[in-house]
Protein chains: 2
Amino acid sequence: MENHSTALDTAFRALADPTRRAVLGRLMRGPAPVKELAKPFDMGLPSFMKHLKVLEESRLITSEKVGRVRTCRVRMEQLAAAENWLSEQRVLWEARTDRLTDYVENRMSWSEDDDG
Amino acid sequence: MENHSTALDTAFRALADPTRRAVLGRLMRGPAPVKELAKPFDMGLPSFMKHLKVLEESRLITSEKVGRVRTCRVRMEQLAAAENWLSEQRVLWEARTDRLTDYVENRMSWSEDDDG
């Protein structure tokens with residue numbers, strides 16, 4: 001449980017940044033070298049590398065250096081865990097909304113019975 | 001776009017904490033007063049109120065004080081935006097996985113044709 005919390009903590013923290021989300025969005029389409037990933041962003045390479053480090057430490061991406069080229073690819077496990085957590089919450093919320101609807105509809109049908 | 005990014009930034013940042021996620025999980029079942037929300041957590045009320053403040057500032061919850069009781073309730077818009085962003089990424093990734101599968105299957109069927 002504690003480990004699970006920690007993984008979700010670091011995943012959500014890593015997702016709380018537009019540059020890191022854009023990098024993930026690019027990597028969903030396939031692996032890419034760091035140089036290509038950095039191109040769209042108006043920041044120095046050291047700053048960009050810090051973002052990659054956050055993504056890698058939170059296990060949202062992995063990277064491998066072959067020769068002089070470091071290639072990044074996405075890892076889906078933590079993203080799936082984050083999405084699952086959010087969808088579980090929505091299911092809880094929808095169950096409650098359904099119960100409220102049932103309650104209101106039952107009240108309305110009782111009150112119709114009273115009228116009749 | 002900038003506003004959307006900022007809303008996702010603050011939502012994901014707020015979600016990066018087990019206490020705040022647990023509070024949200026409780027509120028999915030229905031509104032609750034602060035005192036009840038704080039009960040399961042082994043921390044002082046001022047620390048707990050800071051977590052509520054983060055959740056409220058990121059618009060994941062709202063609160064209202066009636067008399068001496070402050071009641072919190074969940075707001076689903078930002079949670080839905082976060083879930084949507086994650087599911088969009090998964091769809092991109094699945095599309096790529098499907099393309100890869102198609103590619104491999106086509107290659108295999110070509111190579112079967114070659115054999116035949």
# chains A, B, ... in the order shown; residues from 1 in each chain; ligands from 1

$ interface_residues --of "chain B" --to "chain A" --cutoff "10 Å" --atoms "only C-alpha atoms" --output "ChimeraX atom specification"
/B:2,4-19,21,24-30,74,76,79-80,82-97

$ select_by_dssp --residues "chain B" --states "strand (DSSP E or B)" --output "count of residues only"
14

$ residues_around --residues "Val34 of chain A" --least-positions-apart "3" --cutoff "7 Å" --atoms "only C-alpha atoms" --output "ChimeraX atom specification"
/A:37-38,70-72

$ residues_around --residues "Thr62 of chain B" --least-positions-apart "6" --cutoff "10 Å" --atoms "only C-alpha atoms" --output "list in words"
Pro31, Leu52, Lys53, Leu55, Glu56, Thr71, Cys72, Arg73, Val74 and Arg75 of chain B

$ atom_distance --atom1 "atom CA of Arg20 of chain B" --atom2 "atom CA of His51 of chain B"
6.2 Å

$ select_by_dssp --residues "chain B" --states "helix (DSSP H, G or I)" --output "PyMOL selection string"
chain B and resi 2-15+18-27+34-38+45-57+76-115

$ write_last_selection --atoms "C-alpha atoms" --output "PDB file, in the first residue's frame"
ATOM      1  CA  GLU B   2      -2.357  27.979 -20.955  1.00  0.00           C
ATOM      2  CA  ASN B   3      -5.320  27.994 -18.572  1.00  0.00           C
ATOM      3  CA  HIS B   4      -6.015  24.351 -19.337  1.00  0.00           C
ATOM      4  CA  SER B   5      -2.376  23.467 -18.659  1.00  0.00           C
ATOM      5  CA  THR B   6      -2.442  25.364 -15.403  1.00  0.00           C
ATOM      6  CA  ALA B   7      -5.621  23.617 -14.265  1.00  0.00           C
ATOM      7  CA  LEU B   8      -4.108  20.202 -15.086  1.00  0.00           C
ATOM      8  CA  ASP B   9      -0.851  21.233 -13.353  1.00  0.00           C
ATOM      9  CA  THR B  10      -2.606  22.104 -10.109  1.00  0.00           C
ATOM     10  CA  ALA B  11      -4.940  19.093 -10.297  1.00  0.00           C
ATOM     11  CA  PHE B  12      -2.101  16.601 -10.776  1.00  0.00           C
ATOM     12  CA  ARG B  13      -0.016  18.331  -8.093  1.00  0.00           C
ATOM     13  CA  ALA B  14      -2.917  18.102  -5.649  1.00  0.00           C
ATOM     14  CA  LEU B  15      -3.336  14.397  -6.448  1.00  0.00           C
ATOM     15  CA  PRO B  18      -1.927  10.078  -0.223  1.00  0.00           C
ATOM     16  CA  THR B  19      -3.847  12.177   2.349  1.00  0.00           C
ATOM     17  CA  ARG B  20      -5.413  14.321  -0.349  1.00  0.00           C
ATOM     18  CA  ARG B  21      -6.272  11.264  -2.452  1.00  0.00           C
ATOM     19  CA  ALA B  22      -7.880   9.604   0.591  1.00  0.00           C
ATOM     20  CA  VAL B  23      -9.950  12.743   1.296  1.00  0.00           C
ATOM     21  CA  LEU B  24     -11.154  12.763  -2.317  1.00  0.00           C
ATOM     22  CA  GLY B  25     -11.982   9.053  -2.072  1.00  0.00           C
ATOM     23  CA  ARG B  26     -14.134   9.784   0.987  1.00  0.00           C
ATOM     24  CA  LEU B  27     -15.867  12.733  -0.674  1.00  0.00           C
ATOM     25  CA  VAL B  34     -14.048  18.883   7.989  1.00  0.00           C
ATOM     26  CA  LYS B  35     -14.059  17.271  11.424  1.00  0.00           C
ATOM     27  CA  GLU B  36     -15.220  13.927  10.018  1.00  0.00           C
ATOM     28  CA  LEU B  37     -12.769  14.145   7.102  1.00  0.00           C
ATOM     29  CA  ALA B  38      -9.841  14.784   9.442  1.00  0.00           C
ATOM     30  CA  LEU B  45      -5.902  20.075  12.260  1.00  0.00           C
ATOM     31  CA  PRO B  46      -3.698  22.919  10.880  1.00  0.00           C
ATOM     32  CA  SER B  47      -1.724  20.422   8.738  1.00  0.00           C
ATOM     33  CA  PHE B  48      -4.941  18.777   7.602  1.00  0.00           C
ATOM     34  CA  MET B  49      -6.457  22.162   6.707  1.00  0.00           C
ATOM     35  CA  LYS B  50      -3.442  22.837   4.461  1.00  0.00           C
ATOM     36  CA  HIS B  51      -4.295  19.703   2.474  1.00  0.00           C
ATOM     37  CA  LEU B  52      -7.912  20.849   2.167  1.00  0.00           C
ATOM     38  CA  LYS B  53      -6.673  24.250   0.999  1.00  0.00           C
ATOM     39  CA  VAL B  54      -4.582  22.619  -1.771  1.00  0.00           C
ATOM     40  CA  LEU B  55      -7.616  20.585  -2.862  1.00  0.00           C
ATOM     41  CA  GLU B  56      -9.843  23.648  -2.832  1.00  0.00           C
ATOM     42  CA  GLU B  57      -7.346  25.877  -4.671  1.00  0.00           C
ATOM     43  CA  MET B  76     -15.754  16.482 -10.679  1.00  0.00           C
ATOM     44  CA  GLU B  77     -14.614  18.805 -13.512  1.00  0.00           C
ATOM     45  CA  GLN B  78     -10.883  18.804 -12.779  1.00  0.00           C
ATOM     46  CA  LEU B  79     -10.795  15.097 -11.937  1.00  0.00           C
ATOM     47  CA  ALA B  80     -12.554  14.426 -15.241  1.00  0.00           C
ATOM     48  CA  ALA B  81     -10.017  16.627 -17.081  1.00  0.00           C
ATOM     49  CA  ALA B  82      -7.132  14.698 -15.505  1.00  0.00           C
ATOM     50  CA  GLU B  83      -8.724  11.346 -16.328  1.00  0.00           C
ATOM     51  CA  ASN B  84      -9.422  12.509 -19.900  1.00  0.00           C
ATOM     52  CA  TRP B  85      -5.820  13.576 -20.414  1.00  0.00           C
ATOM     53  CA  LEU B  86      -4.591  10.153 -19.259  1.00  0.00           C
ATOM     54  CA  SER B  87      -7.090   8.233 -21.382  1.00  0.00           C
ATOM     55  CA  GLU B  88      -6.155  10.328 -24.444  1.00  0.00           C
ATOM     56  CA  GLN B  89      -2.527   9.276 -23.943  1.00  0.00           C
ATOM     57  CA  ARG B  90      -3.524   5.624 -23.644  1.00  0.00           C
ATOM     58  CA  VAL B  91      -5.560   5.865 -26.869  1.00  0.00           C
ATOM     59  CA  LEU B  92      -2.500   7.293 -28.687  1.00  0.00           C
ATOM     60  CA  TRP B  93      -0.363   4.504 -27.292  1.00  0.00           C
ATOM     61  CA  GLU B  94      -2.902   1.796 -28.165  1.00  0.00           C
ATOM     62  CA  ALA B  95      -3.194   3.157 -31.719  1.00  0.00           C
ATOM     63  CA  ARG B  96       0.552   2.778 -32.070  1.00  0.00           C
ATOM     64  CA  THR B  97       0.505  -0.733 -30.577  1.00  0.00           C
ATOM     65  CA  ASP B  98      -2.255  -1.662 -33.034  1.00  0.00           C
ATOM     66  CA  ARG B  99      -0.198  -0.277 -35.923  1.00  0.00           C
ATOM     67  CA  LEU B 100       2.800  -2.297 -34.772  1.00  0.00           C
ATOM     68  CA  THR B 101       0.653  -5.441 -34.531  1.00  0.00           C
ATOM     69  CA  ASP B 102      -0.722  -4.822 -38.038  1.00  0.00           C
ATOM     70  CA  TYR B 103       2.796  -4.308 -39.325  1.00  0.00           C
ATOM     71  CA  VAL B 104       4.111  -7.524 -37.770  1.00  0.00           C
ATOM     72  CA  GLU B 105       1.069  -9.519 -38.937  1.00  0.00           C
ATOM     73  CA  ASN B 106       1.437  -8.137 -42.466  1.00  0.00           C
ATOM     74  CA  ARG B 107       5.116  -9.020 -42.480  1.00  0.00           C
ATOM     75  CA  MET B 108       4.273 -12.528 -41.293  1.00  0.00           C
ATOM     76  CA  SER B 109       1.600 -12.963 -43.959  1.00  0.00           C
ATOM     77  CA  TRP B 110       4.005 -11.686 -46.665  1.00  0.00           C
ATOM     78  CA  SER B 111       6.611 -14.114 -45.479  1.00  0.00           C
ATOM     79  CA  GLU B 112       4.008 -16.939 -45.571  1.00  0.00           C
ATOM     80  CA  ASP B 113       3.168 -15.888 -49.155  1.00  0.00           C
ATOM     81  CA  ASP B 114       6.885 -16.084 -49.972  1.00  0.00           C
ATOM     82  CA  ASP B 115       7.006 -19.597 -48.545  1.00  0.00           C
TER      83      ASP B 115
END

$ atom_distance --atom1 "atom CA of Arg59 of chain B" --atom2 "atom CA of Met43 of chain A"
29.8 Å

$ atom_distance --atom1 "atom CA of Ser58 of chain A" --atom2 "atom CA of Gly44 of chain B"
29.5 Å

$ decode --residues "segment 80-101 of chain B" --atoms "N, CA, C and O atoms" --output "PDB file, in the first residue's frame"
ATOM      1  N   ALA B  80     -12.205  14.925 -13.908  1.00  0.00           N
ATOM      2  CA  ALA B  80     -12.554  14.426 -15.241  1.00  0.00           C
ATOM      3  C   ALA B  80     -11.514  14.874 -16.258  1.00  0.00           C
ATOM      4  O   ALA B  80     -11.112  14.097 -17.135  1.00  0.00           O
ATOM      5  N   ALA B  81     -11.033  16.128 -16.142  1.00  0.00           N
ATOM      6  CA  ALA B  81     -10.017  16.627 -17.081  1.00  0.00           C
ATOM      7  C   ALA B  81      -8.734  15.812 -16.958  1.00  0.00           C
ATOM      8  O   ALA B  81      -8.104  15.454 -17.965  1.00  0.00           O
ATOM      9  N   ALA B  82      -8.348  15.500 -15.725  1.00  0.00           N
ATOM     10  CA  ALA B  82      -7.132  14.698 -15.505  1.00  0.00           C
ATOM     11  C   ALA B  82      -7.310  13.288 -16.072  1.00  0.00           C
ATOM     12  O   ALA B  82      -6.422  12.765 -16.764  1.00  0.00           O
ATOM     13  N   GLU B  83      -8.470  12.696 -15.805  1.00  0.00           N
ATOM     14  CA  GLU B  83      -8.724  11.346 -16.328  1.00  0.00           C
ATOM     15  C   GLU B  83      -8.744  11.368 -17.860  1.00  0.00           C
ATOM     16  O   GLU B  83      -8.187  10.477 -18.507  1.00  0.00           O
ATOM     17  N   ASN B  84      -9.368  12.404 -18.438  1.00  0.00           N
ATOM     18  CA  ASN B  84      -9.422  12.509 -19.900  1.00  0.00           C
ATOM     19  C   ASN B  84      -8.022  12.617 -20.506  1.00  0.00           C
ATOM     20  O   ASN B  84      -7.743  11.992 -21.522  1.00  0.00           O
ATOM     21  N   TRP B  85      -7.178  13.437 -19.878  1.00  0.00           N
ATOM     22  CA  TRP B  85      -5.820  13.576 -20.414  1.00  0.00           C
ATOM     23  C   TRP B  85      -5.135  12.213 -20.432  1.00  0.00           C
ATOM     24  O   TRP B  85      -4.529  11.829 -21.441  1.00  0.00           O
ATOM     25  N   LEU B  86      -5.246  11.469 -19.330  1.00  0.00           N
ATOM     26  CA  LEU B  86      -4.591  10.153 -19.259  1.00  0.00           C
ATOM     27  C   LEU B  86      -5.183   9.182 -20.268  1.00  0.00           C
ATOM     28  O   LEU B  86      -4.443   8.421 -20.911  1.00  0.00           O
ATOM     29  N   SER B  87      -6.506   9.208 -20.449  1.00  0.00           N
ATOM     30  CA  SER B  87      -7.090   8.233 -21.382  1.00  0.00           C
ATOM     31  C   SER B  87      -6.744   8.605 -22.828  1.00  0.00           C
ATOM     32  O   SER B  87      -6.553   7.721 -23.663  1.00  0.00           O
ATOM     33  N   GLU B  88      -6.608   9.914 -23.104  1.00  0.00           N
ATOM     34  CA  GLU B  88      -6.155  10.328 -24.444  1.00  0.00           C
ATOM     35  C   GLU B  88      -4.761   9.765 -24.750  1.00  0.00           C
ATOM     36  O   GLU B  88      -4.488   9.331 -25.864  1.00  0.00           O
ATOM     37  N   GLN B  89      -3.889   9.799 -23.736  1.00  0.00           N
ATOM     38  CA  GLN B  89      -2.527   9.276 -23.943  1.00  0.00           C
ATOM     39  C   GLN B  89      -2.586   7.777 -24.229  1.00  0.00           C
ATOM     40  O   GLN B  89      -1.886   7.273 -25.098  1.00  0.00           O
ATOM     41  N   ARG B  90      -3.429   7.071 -23.457  1.00  0.00           N
ATOM     42  CA  ARG B  90      -3.524   5.624 -23.644  1.00  0.00           C
ATOM     43  C   ARG B  90      -4.037   5.302 -25.045  1.00  0.00           C
ATOM     44  O   ARG B  90      -3.554   4.379 -25.697  1.00  0.00           O
ATOM     45  N   VAL B  91      -5.017   6.096 -25.520  1.00  0.00           N
ATOM     46  CA  VAL B  91      -5.560   5.865 -26.869  1.00  0.00           C
ATOM     47  C   VAL B  91      -4.451   6.041 -27.917  1.00  0.00           C
ATOM     48  O   VAL B  91      -4.324   5.235 -28.846  1.00  0.00           O
ATOM     49  N   LEU B  92      -3.632   7.086 -27.758  1.00  0.00           N
ATOM     50  CA  LEU B  92      -2.500   7.293 -28.687  1.00  0.00           C
ATOM     51  C   LEU B  92      -1.576   6.084 -28.663  1.00  0.00           C
ATOM     52  O   LEU B  92      -1.117   5.605 -29.699  1.00  0.00           O
ATOM     53  N   TRP B  93      -1.295   5.621 -27.466  1.00  0.00           N
ATOM     54  CA  TRP B  93      -0.363   4.504 -27.292  1.00  0.00           C
ATOM     55  C   TRP B  93      -0.953   3.222 -27.887  1.00  0.00           C
ATOM     56  O   TRP B  93      -0.268   2.463 -28.563  1.00  0.00           O
ATOM     57  N   GLU B  94      -2.253   3.001 -27.637  1.00  0.00           N
ATOM     58  CA  GLU B  94      -2.902   1.796 -28.165  1.00  0.00           C
ATOM     59  C   GLU B  94      -2.943   1.828 -29.692  1.00  0.00           C
ATOM     60  O   GLU B  94      -2.778   0.799 -30.347  1.00  0.00           O
ATOM     61  N   ALA B  95      -3.170   3.030 -30.257  1.00  0.00           N
ATOM     62  CA  ALA B  95      -3.194   3.157 -31.719  1.00  0.00           C
ATOM     63  C   ALA B  95      -1.845   2.727 -32.279  1.00  0.00           C
ATOM     64  O   ALA B  95      -1.766   2.029 -33.288  1.00  0.00           O
ATOM     65  N   ARG B  96      -0.778   3.135 -31.604  1.00  0.00           N
ATOM     66  CA  ARG B  96       0.552   2.778 -32.070  1.00  0.00           C
ATOM     67  C   ARG B  96       0.787   1.266 -31.927  1.00  0.00           C
ATOM     68  O   ARG B  96       1.306   0.623 -32.825  1.00  0.00           O
ATOM     69  N   THR B  97       0.346   0.706 -30.791  1.00  0.00           N
ATOM     70  CA  THR B  97       0.505  -0.733 -30.577  1.00  0.00           C
ATOM     71  C   THR B  97      -0.264  -1.509 -31.643  1.00  0.00           C
ATOM     72  O   THR B  97       0.234  -2.491 -32.189  1.00  0.00           O
ATOM     73  N   ASP B  98      -1.471  -1.016 -31.972  1.00  0.00           N
ATOM     74  CA  ASP B  98      -2.255  -1.662 -33.034  1.00  0.00           C
ATOM     75  C   ASP B  98      -1.508  -1.600 -34.356  1.00  0.00           C
ATOM     76  O   ASP B  98      -1.464  -2.583 -35.097  1.00  0.00           O
ATOM     77  N   ARG B  99      -0.936  -0.416 -34.655  1.00  0.00           N
ATOM     78  CA  ARG B  99      -0.198  -0.277 -35.923  1.00  0.00           C
ATOM     79  C   ARG B  99       0.964  -1.257 -35.966  1.00  0.00           C
ATOM     80  O   ARG B  99       1.226  -1.884 -36.985  1.00  0.00           O
ATOM     81  N   LEU B 100       1.660  -1.369 -34.824  1.00  0.00           N
ATOM     82  CA  LEU B 100       2.800  -2.297 -34.772  1.00  0.00           C
ATOM     83  C   LEU B 100       2.333  -3.730 -35.001  1.00  0.00           C
ATOM     84  O   LEU B 100       2.962  -4.491 -35.731  1.00  0.00           O
ATOM     85  N   THR B 101       1.194  -4.092 -34.360  1.00  0.00           N
ATOM     86  CA  THR B 101       0.653  -5.441 -34.531  1.00  0.00           C
ATOM     87  C   THR B 101       0.304  -5.688 -35.995  1.00  0.00           C
ATOM     88  O   THR B 101       0.652  -6.723 -36.567  1.00  0.00           O
TER      89      THR B 101
END
